[in-house]
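A.B. asks: Provided below: model.pdb, containing PDB, C-alpha atoms and all ligand atoms.
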ATOM      1  CA  MET G  19     -19.263  11.332  23.233  1.00  0.00           C
ATOM      2  CA  LYS G  20     -22.491  11.613  25.213  1.00  0.00           C
ATOM      3  CA  VAL G  21     -23.335   8.603  27.359  1.00  0.00           C
ATOM      4  CA  GLY G  22     -26.763   7.978  28.891  1.00  0.00           C
ATOM      5  CA  ILE G  23     -27.046   5.356  31.628  1.00  0.00           C
ATOM      6  CA  PHE G  24     -30.627   4.152  32.003  1.00  0.00           C
ATOM      7  CA  TYR G  25     -31.858   2.184  35.003  1.00  0.00           C
ATOM      8  CA  SER G  26     -34.569   2.384  37.617  1.00  0.00           C
ATOM      9  CA  PHE G  27     -33.729   4.774  40.445  1.00  0.00           C
ATOM     10  CA  ASN G  28     -36.125   2.748  42.619  1.00  0.00           C
ATOM     11  CA  THR G  29     -34.028  -0.422  42.610  1.00  0.00           C
ATOM     12  CA  GLY G  30     -31.413  -1.312  45.192  1.00  0.00           C
ATOM     13  CA  LYS G  31     -28.451  -3.018  43.620  1.00  0.00           C
ATOM     14  CA  THR G  32     -29.084  -2.028  39.999  1.00  0.00           C
ATOM     15  CA  ARG G  33     -29.102   1.608  41.011  1.00  0.00           C
ATOM     16  CA  SER G  34     -25.874   1.236  42.936  1.00  0.00           C
ATOM     17  CA  VAL G  35     -24.156  -0.434  39.962  1.00  0.00           C
ATOM     18  CA  GLY G  36     -25.521   2.244  37.600  1.00  0.00           C
ATOM     19  CA  GLU G  37     -24.092   4.954  39.828  1.00  0.00           C
ATOM     20  CA  ARG G  38     -20.709   3.269  39.864  1.00  0.00           C
ATOM     21  CA  ILE G  39     -20.694   3.012  36.066  1.00  0.00           C
ATOM     22  CA  LEU G  40     -21.578   6.704  35.927  1.00  0.00           C
ATOM     23  CA  LYS G  41     -18.704   7.606  38.208  1.00  0.00           C
ATOM     24  CA  GLU G  42     -16.285   5.580  36.079  1.00  0.00           C
ATOM     25  CA  PHE G  43     -17.319   7.369  32.892  1.00  0.00           C
ATOM     26  CA  GLY G  44     -16.950  10.818  34.403  1.00  0.00           C
ATOM     27  CA  SER G  45     -18.407  13.999  32.982  1.00  0.00           C
ATOM     28  CA  SER G  46     -19.363  12.629  29.542  1.00  0.00           C
ATOM     29  CA  ALA G  47     -22.123  10.558  31.130  1.00  0.00           C
ATOM     30  CA  GLU G  48     -25.402  11.110  32.909  1.00  0.00           C
ATOM     31  CA  SER G  49     -27.836   8.727  34.544  1.00  0.00           C
ATOM     32  CA  ILE G  50     -31.532   8.682  33.735  1.00  0.00           C
ATOM     33  CA  ASP G  51     -34.373   7.086  35.667  1.00  0.00           C
ATOM     34  CA  ILE G  52     -35.777   4.700  33.080  1.00  0.00           C
ATOM     35  CA  GLU G  53     -39.126   4.671  34.894  1.00  0.00           C
ATOM     36  CA  ASP G  54     -39.418   8.405  34.446  1.00  0.00           C
ATOM     37  CA  VAL G  55     -38.703   9.183  30.777  1.00  0.00           C
ATOM     38  CA  GLY G  56     -40.205   8.611  27.363  1.00  0.00           C
ATOM     39  CA  VAL G  57     -38.459   6.535  24.745  1.00  0.00           C
ATOM     40  CA  SER G  58     -37.224   9.564  22.767  1.00  0.00           C
ATOM     41  CA  LYS G  59     -34.753  10.262  25.588  1.00  0.00           C
ATOM     42  CA  PHE G  60     -32.615   7.309  24.477  1.00  0.00           C
ATOM     43  CA  PHE G  61     -31.759   8.961  21.197  1.00  0.00           C
ATOM     44  CA  GLU G  62     -30.037  11.958  22.800  1.00  0.00           C
ATOM     45  CA  TYR G  63     -26.950   9.825  23.417  1.00  0.00           C
ATOM     46  CA  ASP G  64     -24.055   8.398  21.383  1.00  0.00           C
ATOM     47  CA  LEU G  65     -23.934   5.438  23.736  1.00  0.00           C
ATOM     48  CA  ILE G  66     -27.035   4.120  25.469  1.00  0.00           C
ATOM     49  CA  ILE G  67     -26.350   1.963  28.527  1.00  0.00           C
ATOM     50  CA  ILE G  68     -29.314   0.055  29.952  1.00  0.00           C
ATOM     51  CA  GLY G  69     -29.272  -1.985  33.137  1.00  0.00           C
ATOM     52  CA  ALA G  70     -31.603  -4.370  34.938  1.00  0.00           C
ATOM     53  CA  SER G  71     -31.414  -7.188  37.429  1.00  0.00           C
ATOM     54  CA  THR G  72     -32.715 -10.705  36.810  1.00  0.00           C
ATOM     55  CA  TRP G  73     -35.825 -11.876  38.643  1.00  0.00           C
ATOM     56  CA  TYR G  74     -38.192 -14.828  38.674  1.00  0.00           C
ATOM     57  CA  ASP G  75     -36.020 -17.451  36.985  1.00  0.00           C
ATOM     58  CA  GLY G  76     -34.588 -15.358  34.208  1.00  0.00           C
ATOM     59  CA  LYS G  77     -37.107 -12.540  33.812  1.00  0.00           C
ATOM     60  CA  LEU G  78     -36.931  -8.785  34.111  1.00  0.00           C
ATOM     61  CA  PRO G  79     -38.295  -7.193  37.304  1.00  0.00           C
ATOM     62  CA  ASP G  80     -41.971  -6.115  37.298  1.00  0.00           C
ATOM     63  CA  TYR G  81     -41.437  -2.410  36.563  1.00  0.00           C
ATOM     64  CA  TRP G  82     -40.257  -3.437  33.087  1.00  0.00           C
ATOM     65  CA  ASP G  83     -43.851  -4.378  32.221  1.00  0.00           C
ATOM     66  CA  ASP G  84     -44.507  -0.644  31.812  1.00  0.00           C
ATOM     67  CA  ILE G  85     -41.275   0.121  29.920  1.00  0.00           C
ATOM     68  CA  LEU G  86     -41.096  -2.731  27.400  1.00  0.00           C
ATOM     69  CA  PRO G  87     -44.173  -1.760  25.337  1.00  0.00           C
ATOM     70  CA  ASP G  88     -42.631   1.689  24.707  1.00  0.00           C
ATOM     71  CA  LEU G  89     -39.247   0.228  23.798  1.00  0.00           C
ATOM     72  CA  GLU G  90     -40.855  -2.180  21.369  1.00  0.00           C
ATOM     73  CA  ASN G  91     -42.265   0.720  19.363  1.00  0.00           C
ATOM     74  CA  ALA G  92     -38.948   2.532  19.005  1.00  0.00           C
ATOM     75  CA  ASP G  93     -36.403   2.496  16.190  1.00  0.00           C
ATOM     76  CA  PHE G  94     -32.909   1.747  17.492  1.00  0.00           C
ATOM     77  CA  LYS G  95     -31.220   1.637  14.078  1.00  0.00           C
ATOM     78  CA  ASN G  96     -27.716   3.146  14.163  1.00  0.00           C
ATOM     79  CA  THR G  97     -27.656   3.253  17.968  1.00  0.00           C
ATOM     80  CA  ASN G  98     -24.884   1.893  20.160  1.00  0.00           C
ATOM     81  CA  VAL G  99     -26.304   0.053  23.140  1.00  0.00           C
ATOM     82  CA  ALA G 100     -24.477  -1.616  26.024  1.00  0.00           C
ATOM     83  CA  ILE G 101     -26.355  -3.670  28.589  1.00  0.00           C
ATOM     84  CA  PHE G 102     -25.497  -4.399  32.198  1.00  0.00           C
ATOM     85  CA  GLY G 103     -27.320  -7.058  34.144  1.00  0.00           C
ATOM     86  CA  LEU G 104     -27.339  -8.273  37.713  1.00  0.00           C
ATOM     87  CA  GLY G 105     -27.791 -11.816  38.894  1.00  0.00           C
ATOM     88  CA  ASN G 106     -26.833 -14.306  41.550  1.00  0.00           C
ATOM     89  CA  GLN G 107     -24.873 -17.287  40.233  1.00  0.00           C
ATOM     90  CA  GLN G 108     -25.015 -19.242  43.503  1.00  0.00           C
ATOM     91  CA  ALA G 109     -28.777 -19.006  44.034  1.00  0.00           C
ATOM     92  CA  TYR G 110     -29.849 -19.081  40.352  1.00  0.00           C
ATOM     93  CA  PRO G 111     -27.173 -21.055  38.476  1.00  0.00           C
ATOM     94  CA  ASP G 112     -29.606 -22.146  35.746  1.00  0.00           C
ATOM     95  CA  TYR G 113     -30.825 -18.643  34.876  1.00  0.00           C
ATOM     96  CA  PHE G 114     -27.756 -16.643  35.725  1.00  0.00           C
ATOM     97  CA  GLY G 115     -28.050 -13.015  34.661  1.00  0.00           C
ATOM     98  CA  ASP G 116     -30.676 -13.685  31.999  1.00  0.00           C
ATOM     99  CA  SER G 117     -31.793 -10.033  32.184  1.00  0.00           C
ATOM    100  CA  ILE G 118     -29.053  -9.120  29.683  1.00  0.00           C
ATOM    101  CA  PHE G 119     -30.605 -11.516  27.190  1.00  0.00           C
ATOM    102  CA  ALA G 120     -34.123 -10.296  28.015  1.00  0.00           C
ATOM    103  CA  LEU G 121     -33.099  -6.773  27.004  1.00  0.00           C
ATOM    104  CA  ALA G 122     -30.978  -7.864  24.037  1.00  0.00           C
ATOM    105  CA  GLU G 123     -33.809  -9.890  22.547  1.00  0.00           C
ATOM    106  CA  VAL G 124     -35.965  -6.749  22.485  1.00  0.00           C
ATOM    107  CA  LEU G 125     -33.351  -4.230  21.379  1.00  0.00           C
ATOM    108  CA  GLU G 126     -31.414  -6.119  18.706  1.00  0.00           C
ATOM    109  CA  PRO G 127     -34.390  -6.748  16.403  1.00  0.00           C
ATOM    110  CA  LEU G 128     -35.136  -3.018  16.637  1.00  0.00           C
ATOM    111  CA  GLY G 129     -31.701  -2.320  15.129  1.00  0.00           C
ATOM    112  CA  ALA G 130     -29.538  -1.668  18.188  1.00  0.00           C
ATOM    113  CA  LYS G 131     -25.849  -2.445  17.813  1.00  0.00           C
ATOM    114  CA  LEU G 132     -24.787  -4.190  21.013  1.00  0.00           C
ATOM    115  CA  LEU G 133     -21.388  -3.314  22.475  1.00  0.00           C
ATOM    116  CA  GLY G 134     -19.471  -4.383  25.563  1.00  0.00           C
ATOM    117  CA  PHE G 135     -19.586  -8.181  25.444  1.00  0.00           C
ATOM    118  CA  THR G 136     -17.482  -9.695  28.247  1.00  0.00           C
ATOM    119  CA  SER G 137     -15.732 -12.928  29.151  1.00  0.00           C
ATOM    120  CA  THR G 138     -17.469 -15.579  31.265  1.00  0.00           C
ATOM    121  CA  ASP G 139     -14.148 -16.399  32.966  1.00  0.00           C
ATOM    122  CA  GLY G 140     -14.343 -16.182  36.741  1.00  0.00           C
ATOM    123  CA  TYR G 141     -18.071 -16.945  37.008  1.00  0.00           C
ATOM    124  CA  THR G 142     -19.515 -20.361  38.004  1.00  0.00           C
ATOM    125  CA  PHE G 143     -22.989 -21.263  36.720  1.00  0.00           C
ATOM    126  CA  ASN G 144     -24.848 -23.938  34.750  1.00  0.00           C
ATOM    127  CA  ALA G 145     -26.700 -21.890  32.172  1.00  0.00           C
ATOM    128  CA  SER G 146     -27.316 -18.335  31.091  1.00  0.00           C
ATOM    129  CA  LYS G 147     -29.277 -17.138  28.096  1.00  0.00           C
ATOM    130  CA  SER G 148     -27.057 -14.072  28.146  1.00  0.00           C
ATOM    131  CA  VAL G 149     -24.089 -16.026  26.722  1.00  0.00           C
ATOM    132  CA  ARG G 150     -23.539 -15.806  22.988  1.00  0.00           C
ATOM    133  CA  ASP G 151     -20.500 -17.334  21.291  1.00  0.00           C
ATOM    134  CA  GLY G 152     -18.896 -17.903  24.684  1.00  0.00           C
ATOM    135  CA  LYS G 153     -19.359 -14.342  25.970  1.00  0.00           C
ATOM    136  CA  PHE G 154     -21.896 -12.454  28.024  1.00  0.00           C
ATOM    137  CA  MET G 155     -23.744  -9.986  25.807  1.00  0.00           C
ATOM    138  CA  GLY G 156     -22.926  -7.205  28.258  1.00  0.00           C
ATOM    139  CA  LEU G 157     -21.598  -6.739  31.774  1.00  0.00           C
ATOM    140  CA  LEU G 158     -22.869  -9.195  34.368  1.00  0.00           C
ATOM    141  CA  ILE G 159     -22.543  -8.147  37.992  1.00  0.00           C
ATOM    142  CA  ASP G 160     -23.113 -10.480  40.925  1.00  0.00           C
ATOM    143  CA  GLU G 161     -23.370  -8.434  44.089  1.00  0.00           C
ATOM    144  CA  GLU G 162     -24.346 -11.442  46.198  1.00  0.00           C
ATOM    145  CA  SER G 163     -21.745 -14.084  45.288  1.00  0.00           C
ATOM    146  CA  GLN G 164     -18.865 -11.939  44.011  1.00  0.00           C
ATOM    147  CA  PRO G 165     -19.172  -8.348  45.281  1.00  0.00           C
ATOM    148  CA  GLU G 166     -15.403  -8.098  45.586  1.00  0.00           C
ATOM    149  CA  LEU G 167     -15.063  -8.333  41.792  1.00  0.00           C
ATOM    150  CA  THR G 168     -17.586  -5.611  40.936  1.00  0.00           C
ATOM    151  CA  LYS G 169     -15.181  -2.671  41.032  1.00  0.00           C
ATOM    152  CA  GLU G 170     -12.718  -4.225  38.595  1.00  0.00           C
ATOM    153  CA  ARG G 171     -15.473  -5.536  36.320  1.00  0.00           C
ATOM    154  CA  ILE G 172     -17.025  -2.081  36.022  1.00  0.00           C
ATOM    155  CA  SER G 173     -13.688  -0.401  35.468  1.00  0.00           C
ATOM    156  CA  ASN G 174     -12.664  -2.858  32.728  1.00  0.00           C
ATOM    157  CA  TRP G 175     -16.048  -2.592  31.021  1.00  0.00           C
ATOM    158  CA  VAL G 176     -16.034   1.184  30.901  1.00  0.00           C
ATOM    159  CA  LYS G 177     -12.501   1.147  29.463  1.00  0.00           C
ATOM    160  CA  GLN G 178     -13.656  -1.376  26.831  1.00  0.00           C
ATOM    161  CA  LEU G 179     -16.678   0.753  25.917  1.00  0.00           C
ATOM    162  CA  LYS G 180     -14.610   3.917  25.613  1.00  0.00           C
ATOM    163  CA  LYS G 181     -12.265   2.101  23.235  1.00  0.00           C
ATOM    164  CA  SER G 182     -15.014   0.620  21.119  1.00  0.00           C
ATOM    165  CA  LEU G 183     -16.576   3.973  20.228  1.00  0.00           C
TER     166      LEU G 183
HETATM  167  C1  LIG U 201     -37.351 -12.981  43.489  1.00  0.00           C
HETATM  168  C2  LIG U 201     -35.950 -12.991  42.927  1.00  0.00           C
HETATM  169  C3  LIG U 201     -35.665 -13.738  41.797  1.00  0.00           C
HETATM  170  C4  LIG U 201     -34.371 -13.756  41.234  1.00  0.00           C
HETATM  171  N1  LIG U 201     -34.132 -14.499  40.106  1.00  0.00           N
HETATM  172  C5  LIG U 201     -32.876 -14.513  39.583  1.00  0.00           C
HETATM  173  C6  LIG U 201     -32.577 -15.269  38.420  1.00  0.00           C
HETATM  174  O1  LIG U 201     -33.433 -15.925  37.829  1.00  0.00           O
HETATM  175  N2  LIG U 201     -31.305 -15.257  37.941  1.00  0.00           N
HETATM  176  C7  LIG U 201     -30.295 -14.533  38.555  1.00  0.00           C
HETATM  177  O2  LIG U 201     -29.165 -14.557  38.079  1.00  0.00           O
HETATM  178  N3  LIG U 201     -30.560 -13.803  39.676  1.00  0.00           N
HETATM  179  C8  LIG U 201     -31.806 -13.769  40.196  1.00  0.00           C
HETATM  180  N4  LIG U 201     -32.066 -13.030  41.325  1.00  0.00           N
HETATM  181  C9  LIG U 201     -30.965 -12.276  41.953  1.00  0.00           C
HETATM  182  C10 LIG U 201     -31.023 -10.791  41.634  1.00  0.00           C
HETATM  183  O3  LIG U 201     -30.839 -10.546  40.244  1.00  0.00           O
HETATM  184  C11 LIG U 201     -29.924 -10.080  42.415  1.00  0.00           C
HETATM  185  O4  LIG U 201     -30.213 -10.215  43.784  1.00  0.00           O
HETATM  186  C12 LIG U 201     -29.764  -8.611  42.077  1.00  0.00           C
HETATM  187  O5  LIG U 201     -28.603  -8.143  42.699  1.00  0.00           O
HETATM  188  C13 LIG U 201     -30.964  -7.770  42.509  1.00  0.00           C
HETATM  189  O6  LIG U 201     -30.803  -6.439  42.073  1.00  0.00           O
HETATM  190  P1  LIG U 201     -31.942  -5.322  42.353  1.00  0.00           P
HETATM  191  O7  LIG U 201     -31.917  -5.074  43.831  1.00  0.00           O
HETATM  192  O8  LIG U 201     -31.494  -4.111  41.607  1.00  0.00           O
HETATM  193  O9  LIG U 201     -33.223  -5.870  41.838  1.00  0.00           O
HETATM  194  C14 LIG U 201     -33.342 -13.000  41.868  1.00  0.00           C
HETATM  195  C15 LIG U 201     -33.643 -12.255  43.016  1.00  0.00           C
HETATM  196  C16 LIG U 201     -34.920 -12.242  43.542  1.00  0.00           C
HETATM  197  C17 LIG U 201     -35.181 -11.413  44.780  1.00  0.00           C
END
Written as structure tokens, that's how I'd like the structure from this file.
C.D. replies:
Amino acid sequence: MKVGIFYSFNTGKTRSVGERILKEFGSSAESIDIEDVGVSKFFEYDLIIIGASTWYDGKLPDYWDDILPDLENADFKNTNVAIFGLGNQQAYPDYFGDSIFALAEVLEPLGAKLLGFTSTDGYTFNASKSVRDGKFMGLLIDEESQPELTKERISNWVKQLKKSL
């Protein structure tokens, strides 16, 4: 199983989380700077992991303005995609981790099969678009309010993804 972990190498916390996911997967995985590759790169992998933090009340960070138009022209049918998002539940409780949703709403209509939904237990927030049927549509990491939980959350998620393939 070939795993590609896509995130911006220019970001602070997203990059750090991406690197930790990479480490947890081991040798079957590689990380790719999403700002640096064309869309065809995604389709080299059995599992595509994409990560982004949440900015500006539920939006993706600015560098995504250059990436989204390319994604929107791609065909993700028959691909397995898992999303990780970052957010801050204390500072942004009404838009907590909406970046997962922002990516899902682009990728799902293109045919991507989303994997790696996780429980909302242990988080405190008012609203998040990233919740569907009571679960986050990916892994939500909060490095500001709950950094002590990140290690276990990543480890559990990678185990779950390995099982689901
Ligand atoms: C300008 C700004 C806006 C933010 N907006 C949100 C938000 O709407 N929802 C949320 O959950 N977190 C929000 N955050 C928190 C970030 O997602 C969080 O700090 C994340 O760890 C940043 O990761 P990065 O350094 O990779 O961008 C915001 C942070 C900043 C600086």
A.B. asks: Write out as number ranges by chain the residues lying within 12 Å of Gly56 of chain G, counting all atoms listed in the file and excluding same-chain residues fewer than 3 positions away.
C.D. replies: G: 24, 50-53, 59-62, 84-89, 91-92
A.B. asks: Let's have the selection written as a CSV table (one decimal), in the frame of the given file, with C-alpha atoms.
C.D. replies:
chain,number,residue,atom,x,y,z
G,24,PHE,CA,-30.6,4.2,32.0
G,50,ILE,CA,-31.5,8.7,33.7
G,51,ASP,CA,-34.4,7.1,35.7
G,52,ILE,CA,-35.8,4.7,33.1
G,53,GLU,CA,-39.1,4.7,34.9
G,59,LYS,CA,-34.8,10.3,25.6
G,60,PHE,CA,-32.6,7.3,24.5
G,61,PHE,CA,-31.8,9.0,21.2
G,62,GLU,CA,-30.0,12.0,22.8
G,84,ASP,CA,-44.5,-0.6,31.8
G,85,ILE,CA,-41.3,0.1,29.9
G,86,LEU,CA,-41.1,-2.7,27.4
G,87,PRO,CA,-44.2,-1.8,25.3
G,88,ASP,CA,-42.6,1.7,24.7
G,89,LEU,CA,-39.2,0.2,23.8
G,91,ASN,CA,-42.3,0.7,19.4
G,92,ALA,CA,-38.9,2.5,19.0
A.B. asks: From the list G:Leu167, G:Gly44, G:Phe114, G:Thr142, which residue is nearest Trp73 of chain G when using all atoms listed in the file?
C.D. replies: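 The closest residue to Trp73 of chain G is G:Phe114.
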A.B. asks: Distance atom O2 of ligand LIG 201 (chain U)-atom CA of Ile23 of chain G, one decimal place?
C.D. replies: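 Computed distance, atom O2 of ligand LIG 201 (chain U) to atom CA of Ile23 of chain G, equals 21.0 Å.
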A.B. asks: G:Asn106, G:Val21, G:Gly76, G:Asp54: which is nearest Glu42 of chain G, counting only C-alpha atoms?
C.D. replies: G:Val21
A.B. asks: Skip segment 119-121 of chain G itself and residues of its chain fewer than 3 positions away, then list as a list in words all residues within 7 Å of it, counting all atoms listed in the file.
C.D. replies: Lys77, Leu78, Asp116, Val124, Leu125, Lys147 and Ser148 of chain G
A.B. asks: Pick out the residues sitting within 8 Å of segment 173-182 of chain G, and hand them over as an NGL selection string; count only C-alpha atoms, and ignore anything fewer than 6 positions along from it in its own chain.
C.D. replies: :G and (39 or 42-43 or 133-134 or 136 or 157)
A.B. asks: Would you compute an axis-aligned box for ligand LIG 201 (chain U), covering every atom listed for it in the file with 5 Å of margin on each side, and report centre and edge lengths in Å to one decimal as AutoDock Vina command-line options?
C.D. replies:
--center_x -33.0 --center_y -10.0 --center_z 41.3 --size_x 18.7 --size_y 21.8 --size_z 17.0
A.B. asks: Taking only C-alpha atoms and all ligand atoms into account, report as a ChimeraX atom specification which residues have an atom no farther than 8 Å from an atom of ligand LIG 201 (chain U).
C.D. replies: /G:29-34,70-77,79,103-107,109-117,159-162
A.B. asks: Could you state the separation of atom CA of Ser26 of chain G and atom CA of Asp80 of chain G in Å, given to one decimal place?
C.D. replies: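 Pair atom CA of Ser26 of chain G / atom CA of Asp80 of chain G returns 11.3 Å.
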